[in-house]
$ cat structure_24.txt   # compact mmCIF, C-alpha atoms
# COMPACT_ATOMS: atom_id res chain seq x y z
CA ALA A 1 -10.14 10.69 -24.45
CA GLY A 2 -6.63 10.58 -23.00
CA GLY A 3 -7.82 11.24 -19.48
CA MET A 4 -10.38 8.45 -19.69
CA MET A 5 -7.64 6.03 -20.77
CA LEU A 6 -5.56 6.95 -17.72
CA TRP A 7 -8.45 6.88 -15.26
CA PRO A 8 -8.36 3.10 -14.52
CA LEU A 9 -4.60 3.34 -13.93
CA PHE A 10 -5.03 6.32 -11.61
CA GLY A 11 -7.94 4.69 -9.79
CA ALA A 12 -6.06 1.45 -9.16
CA THR A 13 -2.98 3.36 -7.99
CA ASN A 14 -5.09 5.44 -5.63
CA GLN A 15 -6.66 2.31 -4.14
CA LEU A 16 -3.24 0.67 -3.77
CA LEU A 17 -2.02 3.69 -1.81
CA ALA A 18 -5.07 3.39 0.44
CA GLY A 19 -4.21 -0.29 0.94
CA LEU A 20 -0.64 0.65 1.82
CA ALA A 21 -1.86 3.18 4.40
CA LEU A 22 -4.16 0.56 5.90
CA MET A 23 -1.28 -1.92 5.97
CA VAL A 24 0.86 0.55 7.91
CA ALA A 25 -1.96 1.09 10.42
CA THR A 26 -2.47 -2.68 10.73
CA PHE A 27 1.22 -3.21 11.46
CA TYR A 28 1.14 -0.38 14.00
CA LEU A 29 -1.65 -2.08 15.95
CA TRP A 30 -0.12 -5.55 15.48
CA ARG A 31 3.18 -4.39 17.00
CA ARG A 32 1.30 -3.17 20.06
CA ASN A 33 -0.62 -6.46 20.50
CA LYS A 34 -3.96 -4.80 19.74
CA THR A 35 -6.98 -6.24 17.93
CA ILE A 36 -6.51 -5.89 14.17
CA ALA A 37 -9.41 -7.80 12.56
CA PHE A 38 -11.41 -4.61 11.95
CA LEU A 39 -8.43 -3.21 10.02
CA ALA A 40 -6.84 -6.33 8.53
CA ILE A 41 -9.91 -7.31 6.50
CA PRO A 42 -10.25 -3.93 4.73
CA THR A 43 -6.47 -3.96 4.22
CA LEU A 44 -6.64 -7.28 2.39
CA VAL A 45 -9.57 -6.08 0.29
CA MET A 46 -7.78 -2.83 -0.58
CA MET A 47 -4.62 -4.73 -1.52
CA LEU A 48 -6.23 -7.54 -3.52
CA MET A 49 -9.08 -5.85 -5.41
CA PRO A 50 -6.97 -3.17 -7.16
CA CYS A 51 -4.46 -5.90 -8.01
CA TRP A 52 -7.25 -7.93 -9.59
CA ALA A 53 -8.64 -4.88 -11.42
CA MET A 54 -5.21 -3.92 -12.77
CA THR A 55 -4.61 -7.50 -13.95
CA TYR A 56 -8.05 -7.56 -15.59
CA ASN A 57 -7.36 -4.28 -17.40
CA LEU A 58 -3.98 -5.52 -18.55
CA ILE A 59 -5.27 -8.83 -19.91
CA PHE A 60 -8.60 -7.79 -21.42
CA ASP A 61 -8.10 -4.15 -22.39
CA TRP A 62 -4.58 -2.78 -22.58
CA ILE A 63 -2.69 -5.74 -24.08
CA PRO A 64 -5.31 -6.48 -26.79
CA GLY A 65 -5.55 -2.74 -27.52
CA GLY A 66 -1.78 -2.37 -27.80
CA ASN A 67 -1.62 0.50 -25.29
CA TRP A 68 2.06 0.01 -24.53
CA LEU A 69 2.38 2.98 -22.21
CA LEU A 70 -0.52 1.75 -20.06
CA ILE A 71 0.87 -1.79 -20.20
CA GLY A 72 4.27 -0.57 -19.00
CA PHE A 73 2.97 1.60 -16.19
CA GLY A 74 0.33 -0.95 -15.19
CA THR A 75 2.85 -3.78 -15.04
CA GLY A 76 5.29 -1.64 -13.06
CA ILE A 77 2.66 -0.56 -10.54
CA LEU A 78 1.39 -4.13 -10.25
CA ALA A 79 4.93 -5.41 -9.63
CA LEU A 80 5.50 -2.79 -6.92
CA GLN A 81 2.20 -3.69 -5.27
CA VAL A 82 3.07 -7.39 -5.22
CA TRP A 83 6.51 -6.53 -3.82
CA ILE A 84 4.97 -4.47 -0.97
CA PHE A 85 2.48 -7.24 -0.19
CA VAL A 86 5.21 -9.92 -0.11
CA GLU A 87 7.45 -7.74 2.09
CA GLY A 88 4.54 -7.29 4.50
CA LEU A 89 3.99 -11.04 4.66
CA LEU A 90 7.70 -11.69 5.25
CA ILE A 91 7.91 -9.40 8.29
CA TRP A 92 4.46 -10.16 9.72
CA ASN A 93 5.61 -12.65 12.36
CA ARG A 94 8.75 -10.71 13.32
CA VAL A 95 7.10 -7.46 14.37
CA ARG A 96 4.49 -8.54 16.92
CA GLY A 97 5.30 -6.98 20.27
CA VAL A 98 8.48 -5.29 18.99
CA LEU A 99 8.19 -1.61 19.84
CA GLU A 100 10.46 1.23 18.82
CA PRO A 101 12.69 2.63 21.58
CA GLU A 102 11.34 5.51 23.63
CA LEU A 103 12.49 9.00 22.81
CA PRO A 104 14.72 10.76 25.33
CA PRO A 105 12.94 13.34 27.50
CA LEU A 106 12.92 16.93 26.34
CA PRO A 107 15.03 19.40 28.29
CA ALA A 108 13.16 21.52 30.83
CA GLU A 109 13.83 24.67 28.86
CA VAL A 110 13.74 24.43 25.10
CA PRO A 111 15.98 27.03 23.41
CA VAL A 112 14.26 29.24 20.87
CA SER A 113 16.26 30.55 17.94
CA ALA A 114 15.26 33.73 16.14
$ encode --input "structure_24.txt" --output "structure tokens"
Amino acid sequence: AGGMMLWPLFGATNQLLAGLALMVATFYLWRRNKTIAFLAIPTLVMMLMPCWAMTYNLIFDWIPGGNWLLIGFGTGILALQVWIFVEGLLIWNRVRGVLEPELPPLPAEVPVSA
């Protein structure tokens, strides 16, 4: 019974991590002036749907049921997800075409330590 109560929280968190990974990949391509539509749309879906599902669970299941531990963790995870989404929106226009500096070349002979 306890595992089934935690499953929606775990599932939403897992999907939010997938959305975060997609967001990183989208920003990577955006910085390099590449096409991002094929990645941006799934990113938005993976960021918004778990947020909606977590909100739905909070309002219609956990709060009426008085599951305070789930309410606390769910609210915390939801707040972190909103924070990540807002941070992404704030830097969106500033990163296009801005690449990280190149690494220095490796020496011809790399020392090997035993």
$ residues_around --input "structure_24.txt" --residues "Arg96 (chain A)" --least-positions-apart "4" --cutoff "10 Å" --atoms "all atoms listed in the file" --output "JSON, numbers by chain"
{"A": [27, 28, 29, 30, 31, 32, 33, 34, 91, 92]}
$ atom_distance --input "structure_24.txt" --atom1 "CA of Met49 (chain A)" --atom2 "CA of Trp68 (chain A)"
22.9 Å
$ atom_distance --input "structure_24.txt" --atom1 "CA of Ala25 (chain A)" --atom2 "CA of Glu87 (chain A)"
15.4 Å
$ axis_aligned_box --input "structure_24.txt" --around "region 14-32 of chain A" --padding-each-side "6 Å" --output "JSON"
{"center_x": -1.7, "center_y": -0.1, "center_z": 7.2, "size_x": 21.8, "size_y": 23.0, "size_z": 37.7}
$ closest_residue --input "structure_24.txt" --among "A:Thr35, A:Thr26, A:Gln81, A:Gln15" --to "Pro50 (chain A)" --atoms "all atoms listed in the file"
A:Gln15
